[in-house]
Every structure is written in structure tokens, then in C-alpha cells.
Amino acid sequence: MNLHEYQAKELLASYGVPIQRGVVVENLNDIETAFAKLKEETGTSWCVVKAQIHAGGRGKGGGVKLAKNMDELKMHAGNILGMMLKTPQTPGGMDGEGKLVRKILITEDVYYPDADGNMDVNEFYYSILMDRERKCNVIVYSTEGGMDIEKVAEETPHLVHKEYIHPHLGLQAYQTRNIAHNLGLTGAAFKAMTKFVATTYNAFIGADASLVEINPCLKTSDNKIVAADSKASLDENALFRHPDLAALRDVHEEDPAEVEAKEHGLSFIKLDGNVGCMVNGAGLAMSTMDIIKLCGGEPANFLDVGGTADAKRVETAFRIILKDENVKAILINIFGGIVRCDRVAQGVVDAYQNIGDINVPIIVRLQGTNAEIAKKLIDDSGLDVHSAVTLQEAADKVTELVG
Ligand code: GDP
Ligand code: MN
């Protein structure tokens, strides 16, 4: 589950990480009070208006603007709040339709000059995630932070550093110093960086996060290290341990089909291919996707209807899969261990008739209890439903049908 910038910053701050402070606004009428509050808390005279959507690259799409006075603040807030913000990371990229901005964060300006009037800031890239190959957490960081880290990683990979964290020993003090050193810091900034690393790592572990990304991580002119942006993804399977964090879910940011599936207790993940999959059991779902790929096809989703694949669930699953316009065929692969195949087959036939306008072919492979009766039910239904016996046969047929 992804968090908004303002939520991720609050999480980090609760672990003692210094952040660029801000106030969230949902209504333009609240701008003046929000800024007054921010000014009182931080002493900032300028501020930054930042669109809160689950996508990076907001700066590039006009979703981050500096305001030097109340008129500018109102203008930027008015433009950004309610806009359809396009960034390289919103669906369809800069040519897509963008994402509706429902909230903005008004933050203090942390790019201020030092006492002598010199601007002496550094933008670092900093993130914590899991390295699956090494089977441990890794801190990835670079002196080349700001808005183009993807380009840095591609063109000058030697400027991206990594610090691997031993799973049993945890983050070591020498590693925090290593990072501060490689970022070219000295004195107060060096010390602040070691603390920044330790506290962000505590936050990552404490929240069961799968990603914490801070870009830019800013060295200010007065040698503080602050999170000027932040993105966090939390491990959904650990959310039960964090009811406070689970409550931060923003359903507006999630795929409507995934939200609907969750409401019905179905495990559903949307993918980019064109073969809709309906399967019982996560293991079977994985192998179904594998074999579709091996036959040259691309799965459009992962959908596990669970142990009780009754008619009602099959129908809901159908409706969810069919919402995806990319779906050109549906492969139903059910193993009848506890569930009876004939019941599932009847469910498929009923659902097909209830929904009415299904115009993609459906391939059904039912194996296990009462499989023969099930096959006969499908074959006799007269619908555009093909039955297959082996998984190979089903996958071949479906890839043939989608061309
Ligand atoms: P992103 O584009 O979605 O990654 O949004 P960021 O939060 O990283 O902001 C984009 C850019 O806005 C940063 O790279 C900075 O250049 C700029 N920015 C962010 N905070 C401040 C600030 O406090 N003052 C100024 N002057 N610029 C800022
Ligand atoms: Mn950023």
C-alpha cells in the first residue's frame, strides 16, 4: 500500500527523521489559516505548494510550485488543487489523462540561503528497499538527487551507491558514516546524515515498509539534512500489525477493480496483458500465469477466487475481469479438491447468462471432483465457452484465440 507524501513524512517524523514541514489543504478557503499555521511553526516566509497524488515526477507536471507571497500561494493552490496532474508516472504518462489532485501540501521552503546570503544546498537521492537477489535490505543513495535519478542510474551508474544491511546484524554505525562520507559531507551535516540514516532505517523496519524513497534528501544551507519529498510503500501483509497505518489507505488512488475485488474477498491484481485469469488458489494462479507466458500470451490479471468458488463469486470475478477493456479472452482454471467442479461449471454458465453481453471467448479447465460432469455442462451450454482438459491445452487455446 502506497502512502501520500504528507503521510510518509508524518511517519518518518514520528521516528525522529527531520522533514520539510507542511500543512495539508483540501479546500481553497483554508489556505490562509494553513499558511499562518505553517509560518508560526516553521518561521518560513516562502512556501511550496505540492500536489498529493500517488505518483512521482510531480515537479515535471506542474504539481510543485514555489510561492513567495500570499497572491502566488493562492494562485498556485488554485491551479493545482482539482487539476488533472500528468506526470511521467501517472497512467499513460505525460500523454495520459492524469490524476485528480484532491489534496495539496503547503510546505515550508527549505531551499533558503545561509546567514551570509549564499545558497548552499545539496539534493541527494536516498531510498531504502529490499534487494531480492541478495535477500537483504539495501540503502541506495547518490549525490545526484533531484528530479532525474532514473537518468543518473542509466547514464552514470557509478554515482549510485548501495549499502547492504545484514538481516541479523541490522544497520551498523559504520554504515551510516560510510553514507555520509560518500555523499561528501563533513562537520554538522555529516553528523546529521548519520542520524538521518539511522532514523529512516528505524522507520522502514518499524512500519514494515517495502520502500522508503526520499528524493530530494536535502542538505540545507545551515547544514541540516531534511526529507524534502518522500514516498513510502508498506507491506500489505503486515498491515494488520499497524491499524493506524492501514487507516491511511486512500482508495481514490487504487485501481477501482482491485478495491471492488477486496470488498468481495477476492485476491485480484491487475496486469498489462490481455488474457483474463480466474483461478482458485494462489499457487495455481502463479502456474497458470507462467504457462500463459510460456505459450506466448500475457496475463491481464491475477485473480484468486479462493477455496469456495461458488456461482456468486464466479460471477463477481467475471464482472471484475470484464471491466478491463484489454481482456480478449478469459481462462478459468479451477482445481476441484473441496469445491465440486460441476458447481463451478454451473456457476460459469449462470454468470455468463446473468451478465449478458460477454463478447470474449472463455476457456474453462476444470480438474478434480466431478470434472466430467462439469465438462459436459459446459459443452452442452451452447455458449462461447470452450472446455479443456489439460492446462497446456487450455493455455494453447487461449493464446490462439487472442492471436
Ligand atoms: P516530485 O517531482 O514528485 O519528485 O516532487 P518533489 O517533492 O521532489 O519536488 C520537486 C522539486 O521541487 C524538487 O526537486 C525541488 O527542486 C523543488 N522543491 C521542493 N521543495 C522545495 C522547497 O522547499 N523550495 C524550493 N525552492 N524548491 C523546492
Ligand atoms: Mn521527488
# chains A, B, ... in the order shown; residues from 1 in each chain; ligands from 1
>>> closest_atom_pairs(of="chain A", to="ligand 1", cutoff="9 Å", atoms="only C-alpha atoms and all ligand atoms", output="CSV")
residue,atom,partner,partner_atom_place_in_ligand_line,distance
A:Glu5,CA,ligand 1,7 (O),8.0
A:Gln20,CA,ligand 1,23 (O),7.1
A:Trp46,CA,ligand 1,24 (N),8.1
A:Cys47,CA,ligand 1,23 (O),6.6
A:Val48,CA,ligand 1,23 (O),5.8
A:Val49,CA,ligand 1,20 (N),8.7
A:Lys50,CA,ligand 1,7 (O),7.0
A:Ala51,CA,ligand 1,3 (O),8.2
A:Gln52,CA,ligand 1,3 (O),8.8
A:Ile53,CA,ligand 1,3 (O),8.8
A:Ala55,CA,ligand 1,3 (O),6.7
A:Gly56,CA,ligand 1,3 (O),3.9
A:Gly57,CA,ligand 1,2 (O),3.7
A:Arg58,CA,ligand 1,3 (O),3.6
A:Gly59,CA,ligand 1,2 (O),3.5
A:Lys60,CA,ligand 1,2 (O),5.9
A:Gly61,CA,ligand 1,2 (O),7.8
A:Gly62,CA,ligand 1,2 (O),8.6
A:Gly63,CA,ligand 1,3 (O),7.5
A:Val64,CA,ligand 1,12 (O),5.6
A:Lys65,CA,ligand 1,12 (O),7.0
A:Leu66,CA,ligand 1,26 (N),5.8
A:Ala67,CA,ligand 1,26 (N),8.7
A:Thr87,CA,ligand 1,3 (O),8.2
A:Thr107,CA,ligand 1,23 (O),6.8
A:Glu108,CA,ligand 1,23 (O),5.8
A:Asp109,CA,ligand 1,23 (O),3.3
A:Val110,CA,ligand 1,23 (O),4.0
A:Tyr111,CA,ligand 1,24 (N),4.5
A:Tyr112,CA,ligand 1,24 (N),7.4
A:Glu123,CA,ligand 1,14 (O),7.6
A:Gly145,CA,ligand 1,14 (O),7.9
A:Gly146,CA,ligand 1,14 (O),4.3
A:Met147,CA,ligand 1,14 (O),5.1
A:Asp148,CA,ligand 1,14 (O),8.8
A:Ile214,CA,ligand 1,8 (O),8.0
A:Asn215,CA,ligand 1,8 (O),5.4
A:Pro216,CA,ligand 1,8 (O),5.5
A:Cys217,CA,ligand 1,8 (O),8.8
A:Leu218,CA,ligand 1,20 (N),9.0
A:Ala228,CA,ligand 1,20 (N),5.5
A:Asp229,CA,ligand 1,7 (O),4.1
A:Ser230,CA,ligand 1,7 (O),7.2
A:Lys231,CA,ligand 1,4 (O),8.9
>>> select_by_dssp(residues="segment 271-307 of chain A", states="strand (DSSP E or B)", output="PyMOL selection string")
chain A and resi 275-279+299+301-304
>>> write_last_selection(atoms="N, CA, C and O atoms", output="CSV table (one decimal), in the first residue's frame")
chain,number,residue,atom,x,y,z
A,275,VAL,N,-5.0,-11.7,-21.4
A,275,VAL,CA,-5.7,-12.9,-21.0
A,275,VAL,C,-6.2,-12.8,-19.6
A,275,VAL,O,-5.4,-12.8,-18.6
A,276,GLY,N,-7.5,-12.7,-19.4
A,276,GLY,CA,-8.0,-12.7,-18.0
A,276,GLY,C,-7.9,-14.0,-17.4
A,276,GLY,O,-8.2,-15.0,-18.1
A,277,CYS,N,-7.6,-14.1,-16.1
A,277,CYS,CA,-7.4,-15.4,-15.5
A,277,CYS,C,-8.3,-15.5,-14.2
A,277,CYS,O,-8.4,-14.5,-13.5
A,278,MET,N,-9.0,-16.6,-14.1
A,278,MET,CA,-9.8,-16.8,-12.9
A,278,MET,C,-9.4,-18.2,-12.4
A,278,MET,O,-9.6,-19.2,-13.1
A,279,VAL,N,-8.8,-18.2,-11.2
A,279,VAL,CA,-8.2,-19.4,-10.7
A,279,VAL,C,-8.5,-19.6,-9.2
A,279,VAL,O,-8.8,-18.6,-8.5
A,299,PRO,N,-0.8,-12.5,-19.3
A,299,PRO,CA,-2.0,-12.4,-18.4
A,299,PRO,C,-2.4,-10.9,-18.1
A,299,PRO,O,-1.6,-10.0,-18.0
A,301,ASN,N,-4.4,-10.2,-15.6
A,301,ASN,CA,-4.7,-10.1,-14.2
A,301,ASN,C,-4.3,-11.4,-13.4
A,301,ASN,O,-4.1,-12.4,-14.1
A,302,PHE,N,-4.3,-11.2,-12.1
A,302,PHE,CA,-4.1,-12.4,-11.2
A,302,PHE,C,-5.4,-12.4,-10.4
A,302,PHE,O,-5.7,-11.4,-9.8
A,303,LEU,N,-6.2,-13.4,-10.5
A,303,LEU,CA,-7.4,-13.4,-9.7
A,303,LEU,C,-7.6,-14.8,-9.1
A,303,LEU,O,-7.8,-15.8,-9.7
A,304,ASP,N,-7.6,-14.8,-7.7
A,304,ASP,CA,-7.8,-16.0,-7.0
A,304,ASP,C,-9.1,-15.9,-6.3
A,304,ASP,O,-9.4,-15.1,-5.5
>>> residues_around(residues="segment 150-165 of chain A", least_positions_apart="5", cutoff="8 Å", atoms="only C-alpha atoms", output="PyMOL selection string")
chain A and resi 136-144+170-172+175+179
>>> residues_around(residues="Thr316 of chain A", least_positions_apart="2", cutoff="10 Å", atoms="only C-alpha atoms", output="number ranges by chain")
A: 260-261, 264, 266, 305, 311-314, 318-322, 351, 355
>>> write_last_selection(atoms="C-alpha atoms", output="PDB file, in the first residue's frame")
ATOM      1  CA  GLU A 260     -14.055  -3.943  -5.563  1.00  0.00           C
ATOM      2  CA  ALA A 261     -12.318  -7.324  -5.508  1.00  0.00           C
ATOM      3  CA  HIS A 264     -15.685  -9.307  -2.114  1.00  0.00           C
ATOM      4  CA  LEU A 266     -11.144 -11.925  -3.925  1.00  0.00           C
ATOM      5  CA  VAL A 305     -11.418 -16.773  -6.233  1.00  0.00           C
ATOM      6  CA  ALA A 311     -21.582 -19.282  -8.520  1.00  0.00           C
ATOM      7  CA  LYS A 312     -21.811 -15.885  -6.803  1.00  0.00           C
ATOM      8  CA  ARG A 313     -18.038 -15.494  -6.514  1.00  0.00           C
ATOM      9  CA  VAL A 314     -17.507 -16.670 -10.078  1.00  0.00           C
ATOM     10  CA  PHE A 318     -16.267 -12.292 -14.161  1.00  0.00           C
ATOM     11  CA  ARG A 319     -17.592  -8.772 -13.751  1.00  0.00           C
ATOM     12  CA  ILE A 320     -14.287  -7.549 -12.359  1.00  0.00           C
ATOM     13  CA  ILE A 321     -12.215  -9.156 -15.116  1.00  0.00           C
ATOM     14  CA  LEU A 322     -14.539  -7.870 -17.840  1.00  0.00           C
ATOM     15  CA  ALA A 351     -22.783 -15.970 -14.592  1.00  0.00           C
ATOM     16  CA  ILE A 355     -24.063 -10.787 -17.218  1.00  0.00           C
TER      17      ILE A 355
END
>>> atom_distance(atom1="atom CA of Gly347 of chain A", atom2="atom CA of Glu315 of chain A")
7.2 Å
>>> closest_residue(among="A:Ile332, A:Leu366, A:Ala232, A:Ala374", to="ligand 2", atoms="only C-alpha atoms and all ligand atoms")
A:Ala232
>>> atom_distance(atom1="atom CA of Ile80 of chain A", atom2="atom CA of Asp255 of chain A")
22.5 Å
>>> atom_distance(atom1="atom CA of Ala395 of chain A", atom2="atom CA of Cys295 of chain A")
6.6 Å
>>> closest_residue(among="A:Ile149, A:Leu234, A:Met84, A:Ile373", to="ligand 2", atoms="only C-alpha atoms and all ligand atoms")
A:Ile149
>>> closest_residue(among="A:Leu185, A:Ala227, A:Val344, A:Ile358", to="ligand 2", atoms="only C-alpha atoms and all ligand atoms")
A:Ala227
>>> select_by_dssp(residues="segment 260-382 of chain A", states="helix (DSSP H, G or I)", output="MDAnalysis selection string")
chainID A and resid 260:263 282:294 311:322 341:355 371:379
>>> write_last_selection(atoms="N, CA and C atoms", output="compact mmCIF listing (two decimals), in the first residue's frame")
# COMPACT_ATOMS: atom_id res chain seq x y z
N GLU A 260 -12.83 -3.15 -5.54
CA GLU A 260 -14.06 -3.94 -5.56
C GLU A 260 -13.76 -5.41 -5.22
N ALA A 261 -12.69 -5.93 -5.78
CA ALA A 261 -12.32 -7.32 -5.51
C ALA A 261 -12.06 -7.53 -4.02
N LYS A 262 -11.36 -6.58 -3.42
CA LYS A 262 -11.04 -6.69 -2.00
C LYS A 262 -12.32 -6.74 -1.17
N GLU A 263 -13.31 -5.90 -1.57
CA GLU A 263 -14.59 -5.89 -0.85
C GLU A 263 -15.27 -7.26 -0.88
N ALA A 282 -3.60 -19.42 -4.86
CA ALA A 282 -2.55 -18.53 -5.36
C ALA A 282 -1.48 -19.31 -6.13
N GLY A 283 -1.18 -20.54 -5.70
CA GLY A 283 -0.16 -21.34 -6.37
C GLY A 283 -0.59 -21.68 -7.78
N LEU A 284 -1.86 -22.07 -7.89
CA LEU A 284 -2.40 -22.41 -9.21
C LEU A 284 -2.44 -21.16 -10.09
N ALA A 285 -2.73 -20.02 -9.47
CA ALA A 285 -2.77 -18.76 -10.23
C ALA A 285 -1.39 -18.45 -10.80
N MET A 286 -0.36 -18.66 -9.99
CA MET A 286 1.01 -18.40 -10.45
C MET A 286 1.36 -19.33 -11.61
N SER A 287 1.04 -20.62 -11.45
CA SER A 287 1.44 -21.54 -12.53
C SER A 287 0.60 -21.29 -13.79
N THR A 288 -0.63 -20.83 -13.60
CA THR A 288 -1.45 -20.50 -14.76
C THR A 288 -0.83 -19.34 -15.53
N MET A 289 -0.40 -18.33 -14.79
CA MET A 289 0.23 -17.18 -15.45
C MET A 289 1.52 -17.60 -16.14
N ASP A 290 2.26 -18.47 -15.48
CA ASP A 290 3.51 -18.95 -16.08
C ASP A 290 3.25 -19.63 -17.41
N ILE A 291 2.27 -20.52 -17.42
CA ILE A 291 2.06 -21.29 -18.66
C ILE A 291 1.48 -20.42 -19.76
N ILE A 292 0.69 -19.42 -19.39
CA ILE A 292 0.19 -18.48 -20.41
C ILE A 292 1.39 -17.78 -21.06
N LYS A 293 2.32 -17.36 -20.22
CA LYS A 293 3.51 -16.67 -20.74
C LYS A 293 4.36 -17.61 -21.59
N LEU A 294 4.51 -18.85 -21.13
CA LEU A 294 5.30 -19.82 -21.89
C LEU A 294 4.69 -20.07 -23.27
N ALA A 311 -21.06 -20.03 -7.37
CA ALA A 311 -21.58 -19.28 -8.52
C ALA A 311 -21.49 -17.77 -8.31
N LYS A 312 -21.79 -17.32 -7.10
CA LYS A 312 -21.81 -15.88 -6.80
C LYS A 312 -20.40 -15.29 -6.97
N ARG A 313 -19.42 -16.00 -6.42
CA ARG A 313 -18.04 -15.49 -6.51
C ARG A 313 -17.55 -15.51 -7.95
N VAL A 314 -17.91 -16.58 -8.67
CA VAL A 314 -17.51 -16.67 -10.08
C VAL A 314 -18.09 -15.49 -10.85
N GLU A 315 -19.34 -15.14 -10.55
CA GLU A 315 -19.98 -14.04 -11.26
C GLU A 315 -19.28 -12.71 -10.95
N THR A 316 -19.00 -12.49 -9.67
CA THR A 316 -18.30 -11.25 -9.28
C THR A 316 -16.94 -11.19 -9.97
N ALA A 317 -16.25 -12.33 -9.98
CA ALA A 317 -14.93 -12.38 -10.59
C ALA A 317 -15.02 -12.05 -12.08
N PHE A 318 -16.04 -12.59 -12.74
CA PHE A 318 -16.27 -12.29 -14.16
C PHE A 318 -16.42 -10.80 -14.38
N ARG A 319 -17.29 -10.19 -13.57
CA ARG A 319 -17.59 -8.77 -13.75
C ARG A 319 -16.33 -7.93 -13.59
N ILE A 320 -15.52 -8.32 -12.60
CA ILE A 320 -14.29 -7.55 -12.36
C ILE A 320 -13.32 -7.70 -13.54
N ILE A 321 -13.15 -8.93 -14.00
CA ILE A 321 -12.21 -9.16 -15.12
C ILE A 321 -12.69 -8.43 -16.37
N LEU A 322 -14.01 -8.45 -16.60
CA LEU A 322 -14.54 -7.87 -17.84
C LEU A 322 -14.49 -6.34 -17.86
N CYS A 341 -16.43 -29.48 -9.17
CA CYS A 341 -16.29 -28.86 -10.49
C CYS A 341 -17.64 -28.58 -11.15
N ASP A 342 -18.61 -29.46 -10.96
CA ASP A 342 -19.90 -29.24 -11.62
C ASP A 342 -20.56 -27.97 -11.09
N ARG A 343 -20.35 -27.68 -9.80
CA ARG A 343 -20.90 -26.44 -9.22
C ARG A 343 -20.25 -25.22 -9.87
N VAL A 344 -18.95 -25.31 -10.04
CA VAL A 344 -18.23 -24.19 -10.66
C VAL A 344 -18.71 -24.01 -12.10
N ALA A 345 -18.83 -25.14 -12.81
CA ALA A 345 -19.28 -25.08 -14.20
C ALA A 345 -20.65 -24.44 -14.28
N GLN A 346 -21.53 -24.84 -13.38
CA GLN A 346 -22.87 -24.26 -13.36
C GLN A 346 -22.76 -22.76 -13.07
N GLY A 347 -21.84 -22.41 -12.16
CA GLY A 347 -21.61 -21.00 -11.82
C GLY A 347 -21.16 -20.21 -13.04
N VAL A 348 -20.28 -20.81 -13.84
CA VAL A 348 -19.79 -20.14 -15.04
C VAL A 348 -20.93 -19.90 -16.03
N VAL A 349 -21.72 -20.96 -16.23
CA VAL A 349 -22.83 -20.86 -17.18
C VAL A 349 -23.85 -19.82 -16.70
N ASP A 350 -24.19 -19.86 -15.41
CA ASP A 350 -25.16 -18.90 -14.84
C ASP A 350 -24.63 -17.47 -14.95
N ALA A 351 -23.38 -17.31 -14.57
CA ALA A 351 -22.78 -15.97 -14.59
C ALA A 351 -22.78 -15.42 -16.01
N TYR A 352 -22.43 -16.28 -16.95
CA TYR A 352 -22.39 -15.88 -18.36
C TYR A 352 -23.75 -15.37 -18.79
N GLN A 353 -24.80 -16.12 -18.40
CA GLN A 353 -26.15 -15.72 -18.80
C GLN A 353 -26.62 -14.47 -18.05
N ASN A 354 -26.27 -14.37 -16.76
CA ASN A 354 -26.68 -13.20 -15.97
C ASN A 354 -26.05 -11.92 -16.50
N ILE A 355 -24.77 -12.00 -16.81
CA ILE A 355 -24.06 -10.79 -17.22
C ILE A 355 -24.53 -10.35 -18.60
N ALA A 371 -15.24 -33.63 -12.48
CA ALA A 371 -14.75 -32.90 -13.65
C ALA A 371 -15.49 -33.27 -14.93
N GLU A 372 -15.84 -34.57 -15.09
CA GLU A 372 -16.52 -35.00 -16.33
C GLU A 372 -17.90 -34.37 -16.45
N ILE A 373 -18.61 -34.37 -15.32
CA ILE A 373 -19.96 -33.76 -15.34
C ILE A 373 -19.82 -32.28 -15.70
N ALA A 374 -18.79 -31.66 -15.16
CA ALA A 374 -18.56 -30.23 -15.39
C ALA A 374 -18.30 -29.96 -16.86
N LYS A 375 -17.46 -30.80 -17.48
CA LYS A 375 -17.12 -30.61 -18.89
C LYS A 375 -18.39 -30.73 -19.76
N LYS A 376 -19.22 -31.69 -19.40
CA LYS A 376 -20.44 -31.91 -20.17
C LYS A 376 -21.37 -30.69 -20.05
N LEU A 377 -21.46 -30.16 -18.83
CA LEU A 377 -22.30 -28.98 -18.59
C LEU A 377 -21.87 -27.81 -19.49
N ILE A 378 -20.55 -27.63 -19.56
CA ILE A 378 -20.02 -26.52 -20.37
C ILE A 378 -20.26 -26.80 -21.85
N ASP A 379 -19.92 -28.02 -22.27
CA ASP A 379 -20.06 -28.34 -23.69
C ASP A 379 -21.50 -28.26 -24.17
